[in-house]
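Visitor: Would you mind keeping the following structure in view while I ask a few things?
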Amino acid sequence: MKQILYLQPVLRERLWGGTRLSEFRYSLPSDHVGECWGVSAYPDSCCVVKNGIYAGRRLDDLWREEPALFGRTEDTQDFPLLIKIIDAHDDLSIQVHPDDEYARIHENGACGKTECWYVLDAEPGATIVIGHHAKNKAELAQMIRDGRFRDLIREVPVKAGDFFQIEPGTVHAIKAGTIVLETQESSDVTYRLYDYDRLQNGHKRPLHIEQSIDVIRTPFEPKEIRPVTCSMPAAKLTKYFDCRFYTVYKLDVDGSADVPLSGMFHTMSVIEGEGYLDGSRVEKGDHLVLAADYGSMHAVGRFTAIVTRV
């Protein structure tokens, strides 16, 4: 049986957040909302199903209690993905994430954080931080301890439609004027390297200098992205990246299209337009889980979505 689970997003206020998530039809609790957790089974920010026989059920409960929905045959403890939309009204901190091994040892058994960004919008002249200029670990540590962040960080221009894979150990930051859809491991382990000396509730936010030096990879090697597009009648499916944690696609529908899905479950986040999936209405801002072995998906309308499978 084909199952589409519509999820209730969880909105999170951030020091650097703004109001642009209202463009996705979300009702914002303040002027500093930085993140929409659109597909999340993270304990303190878990999405709830809005429709059908599972209405009112938490995603983490379904993962444990209805494994067939997800095509899950092995005893994987936690839902593996976290999908966010991030509104950077101001600069995010310069940061880095550990890999699974480091997090397991140093963060009480947590998983690390591999992530990627699809840029939804960027103001003229916007940039992001991805990578650094240190030649080796010793130079990295010295530049950090000397506070030479202008020399250290690698800043690049960004525009709508860009895609970046952020491996663990990569120095990175989303900067002001940028909205991204982030696909990641279900982890919230972040080490702040630099936070512009700004205050939150009268205090500087904590930094994690030694952990950052431990996990930052040197020298930095940019991850090459080679999108591959498959065209079909009235639709295009573009694969951006494939790794052991996720495969990320962009689906563009313009008309009436049949899109094949197979294997484990897929997530879908509608980032533009509106239409129908097998008769169920979708529009910008919707986040869905399509159950395992969904088969061919009949899509009608004009919309764009980011689709992810594990």
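Chain identifiers are assigned as A, B, and so on, following the order in which chains appear in the structure tokens; residues are numbered from 1 within each chain, and ligands are numbered from 1 in order of appearance.
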Set the distance at 10 Å and use only C-alpha atoms: which residues neighbour Arg217 (chain A) once local chain neighbours fewer than 4 positions away are removed? I'd like the list as a VMD selection string.

Guide: chain A and resid 96 131 to 132 134 136 to 137 140 167 to 171 212 to 213 221

Visitor: Determine which residues of region 74-300 of chain A receive a DSSP assignment of strand (DSSP E or B), computed from the backbone, and state them as a count of residues only.

Guide: 107

Visitor: Rank nothing, just name the residue among A:Ser93, A:Thr304, A:Thr229, A:Thr238 nearest to Phe149 (chain A), using only C-alpha atoms.

Guide: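 Closest to Phe149 (chain A) of all the choices is A:Ser93.
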
Visitor: Within 9 Å of region 73-83 of chain A, which residues of region 165-257 of chain A come that close, and what is the closest atom pair and distance in Å for each? Count only C-alpha atoms and give it as a Markdown table.

Guide:
| residue | atom | partner | partner_atom | distance |
| --- | --- | --- | --- | --- |
| A:Leu181 | CA | A:Ile83 | CA | 7.2 |
| A:Glu182 | CA | A:Ile83 | CA | 5.7 |
| A:Thr183 | CA | A:Ile83 | CA | 4.8 |
| A:Gln184 | CA | A:Leu82 | CA | 5.4 |
| A:Glu185 | CA | A:Leu81 | CA | 4.9 |
| A:Ser186 | CA | A:Leu81 | CA | 4.8 |
| A:Ser187 | CA | A:Leu82 | CA | 7.7 |
| A:Phe245 | CA | A:Pro80 | CA | 7.7 |
| A:Tyr246 | CA | A:Leu81 | CA | 8.0 |

Visitor: At a cut-off of 10 Å, using only C-alpha atoms, what residues contact Ile85 (chain A)? Leave out same-chain residues fewer than 6 positions from it and give the result as a list in words.

Guide: Pro9, Leu11, Leu21, Phe24, Gly34, Glu35, Cys36, Trp37, Gly38, Val39, Trp117, Tyr118, Val119, Leu120, Ile179, Val180, Leu181, Glu182, Thr183, Ser269, Ile271 and Gly285 of chain A

Visitor: Rounded to one decimal place, report the CA of Gly125 (chain A)-CA of Gly18 (chain A) distance in Å.

Guide: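 Computed distance, CA of Gly125 (chain A) to CA of Gly18 (chain A), equals 18.5 Å.
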
Visitor: I'd like the contact shell of Ser280 (chain A) - 10 Å cut-off, only C-alpha atoms, skipping same-chain residues fewer than 4 positions apart - returned as a ChimeraX atom specification.

Guide: /A:4,275-276,299-300

Visitor: For His89 (chain A), work out the shell of residues within 12 Å, counting only C-alpha atoms and skipping chain neighbours fewer than 3 positions away, then give it as a compact mmCIF listing (two decimals) with N, CA and C atoms, in the first residue's frame.

Guide:
# COMPACT_ATOMS: atom_id res chain seq x y z
N GLU A 13 14.16 28.87 16.97
CA GLU A 13 14.71 30.22 16.98
C GLU A 13 16.22 30.16 17.14
N ARG A 14 16.88 31.08 16.45
CA ARG A 14 18.34 31.15 16.49
C ARG A 14 18.78 32.61 16.57
N LEU A 15 19.94 32.84 17.17
CA LEU A 15 20.50 34.18 17.27
C LEU A 15 20.61 34.85 15.90
N TRP A 16 20.92 34.06 14.90
CA TRP A 16 21.17 34.58 13.55
C TRP A 16 19.96 34.46 12.62
N GLY A 17 18.83 33.99 13.14
CA GLY A 17 17.66 33.73 12.30
C GLY A 17 16.90 35.00 11.94
N GLY A 18 15.92 34.84 11.03
CA GLY A 18 15.13 35.96 10.56
C GLY A 18 13.67 35.60 10.39
N THR A 19 13.07 36.10 9.32
CA THR A 19 11.63 35.91 9.09
C THR A 19 11.32 35.25 7.75
N ARG A 20 12.32 34.89 6.98
CA ARG A 20 12.05 34.43 5.61
C ARG A 20 11.47 33.02 5.54
N LEU A 21 11.49 32.28 6.62
CA LEU A 21 10.83 30.97 6.58
C LEU A 21 9.31 31.11 6.44
N ASP A 31 10.83 37.00 15.30
CA ASP A 31 11.58 37.52 14.16
C ASP A 31 12.97 36.91 14.05
N HIS A 32 13.22 35.85 14.82
CA HIS A 32 14.55 35.24 14.82
C HIS A 32 14.44 33.72 14.66
N VAL A 33 13.65 33.29 13.69
CA VAL A 33 13.54 31.85 13.42
C VAL A 33 14.58 31.48 12.38
N GLY A 34 15.50 30.61 12.77
CA GLY A 34 16.60 30.27 11.88
C GLY A 34 16.45 28.93 11.18
N GLU A 35 15.67 28.00 11.78
CA GLU A 35 15.62 26.66 11.22
C GLU A 35 14.22 26.09 11.23
N ILE A 86 17.18 26.38 6.39
CA ILE A 86 17.90 27.32 7.24
C ILE A 86 17.83 28.71 6.63
N LEU A 92 26.10 32.58 10.44
CA LEU A 92 26.25 31.51 11.41
C LEU A 92 27.71 31.46 11.88
N ASP A 121 18.11 30.23 -1.98
CA ASP A 121 18.15 31.65 -2.35
C ASP A 121 19.40 32.27 -1.74
N ALA A 122 19.91 33.26 -2.41
CA ALA A 122 21.08 33.99 -1.91
C ALA A 122 21.00 35.42 -2.43
N GLU A 123 21.18 36.38 -1.52
CA GLU A 123 21.18 37.78 -1.92
C GLU A 123 22.40 38.08 -2.79
N ALA A 126 26.25 37.42 -1.81
CA ALA A 126 26.32 36.50 -0.66
C ALA A 126 27.47 35.51 -0.83
N ILE A 174 27.25 29.00 6.94
CA ILE A 174 26.30 29.70 6.10
C ILE A 174 26.33 31.16 6.52
N LYS A 175 26.38 32.07 5.55
CA LYS A 175 26.49 33.48 5.89
C LYS A 175 25.20 34.23 5.55
N ALA A 176 25.15 35.47 5.99
CA ALA A 176 23.93 36.28 5.92
C ALA A 176 23.40 36.38 4.49
N GLY A 177 22.07 36.35 4.40
CA GLY A 177 21.41 36.52 3.12
C GLY A 177 21.23 35.26 2.32
N THR A 178 21.37 34.11 2.97
CA THR A 178 21.32 32.82 2.29
C THR A 178 20.28 31.91 2.93
N ILE A 179 19.52 31.21 2.11
CA ILE A 179 18.58 30.19 2.58
C ILE A 179 18.98 28.88 1.95
N VAL A 180 19.16 27.84 2.75
CA VAL A 180 19.57 26.54 2.23
C VAL A 180 18.65 25.45 2.75

Visitor: Interatomic distance between CA of Thr127 (chain A) and CA of Val158 (chain A)?

Guide: 5.1 Å

Visitor: From the DSSP assignment of the backbone, select every residue of region 185-293 of chain A that is helix (DSSP H, G or I), and format the answer as a PDB file with N, CA and C atoms, in the first residue's frame.

Guide:
ATOM      1  N   ILE A 209      37.434  25.032  20.833  1.00  0.00           N
ATOM      2  CA  ILE A 209      38.683  25.182  20.085  1.00  0.00           C
ATOM      3  C   ILE A 209      39.450  23.862  19.986  1.00  0.00           C
ATOM      4  N   GLU A 210      39.650  23.186  21.099  1.00  0.00           N
ATOM      5  CA  GLU A 210      40.461  21.968  21.062  1.00  0.00           C
ATOM      6  C   GLU A 210      39.780  20.868  20.259  1.00  0.00           C
ATOM      7  N   GLN A 211      38.464  20.719  20.438  1.00  0.00           N
ATOM      8  CA  GLN A 211      37.744  19.717  19.642  1.00  0.00           C
ATOM      9  C   GLN A 211      37.841  20.045  18.153  1.00  0.00           C
ATOM     10  N   SER A 212      37.721  21.340  17.816  1.00  0.00           N
ATOM     11  CA  SER A 212      37.804  21.742  16.415  1.00  0.00           C
ATOM     12  C   SER A 212      39.153  21.390  15.816  1.00  0.00           C
ATOM     13  N   ILE A 213      40.215  21.717  16.549  1.00  0.00           N
ATOM     14  CA  ILE A 213      41.558  21.387  16.054  1.00  0.00           C
ATOM     15  C   ILE A 213      41.702  19.874  15.885  1.00  0.00           C
ATOM     16  N   ASP A 214      41.131  19.119  16.800  1.00  0.00           N
ATOM     17  CA  ASP A 214      41.186  17.660  16.694  1.00  0.00           C
ATOM     18  C   ASP A 214      40.591  17.157  15.383  1.00  0.00           C
ATOM     19  N   VAL A 215      39.434  17.703  14.996  1.00  0.00           N
ATOM     20  CA  VAL A 215      38.671  17.068  13.917  1.00  0.00           C
ATOM     21  C   VAL A 215      38.840  17.719  12.549  1.00  0.00           C
TER      22      VAL A 215
END

Visitor: Name all residues at most 6 Å from Phe303 (chain A) (count only C-alpha atoms; drop same-chain ones fewer than 3 positions away) and give them as an MDAnalysis selection string.

Guide: chainID A and resid 253 272:274

Visitor: Those selected residues, please, written with N, CA and C atoms and delivered as a short mmCIF file (atom, residue, chain, number, x, y, z; two decimals), in the first residue's frame.

Guide:
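This went into selection21.cif:
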data_model
loop_
_atom_site.label_atom_id
_atom_site.label_comp_id
_atom_site.auth_asym_id
_atom_site.auth_seq_id
_atom_site.Cartn_x
_atom_site.Cartn_y
_atom_site.Cartn_z
N VAL A 253 8.94 18.97 -11.72
CA VAL A 253 7.75 18.47 -12.40
C VAL A 253 7.08 19.62 -13.12
N GLU A 272 9.35 24.70 -4.15
CA GLU A 272 8.74 25.68 -5.04
C GLU A 272 7.53 25.07 -5.71
N GLY A 273 6.48 25.89 -5.91
CA GLY A 273 5.33 25.47 -6.70
C GLY A 273 4.33 24.63 -5.93
N GLU A 274 3.46 23.95 -6.72
CA GLU A 274 2.40 23.13 -6.13
C GLU A 274 1.94 22.10 -7.14
#

Visitor: I'd like the neighbourhood of Val189 (chain A) as a PyMOL selection string, where a residue qualifies if any of its atoms comes within 9 Å (using only C-alpha atoms), though same-chain residues fewer than 2 positions away should be ignored.

Guide: chain A and resi 97-98+103+107+110-113+187+191
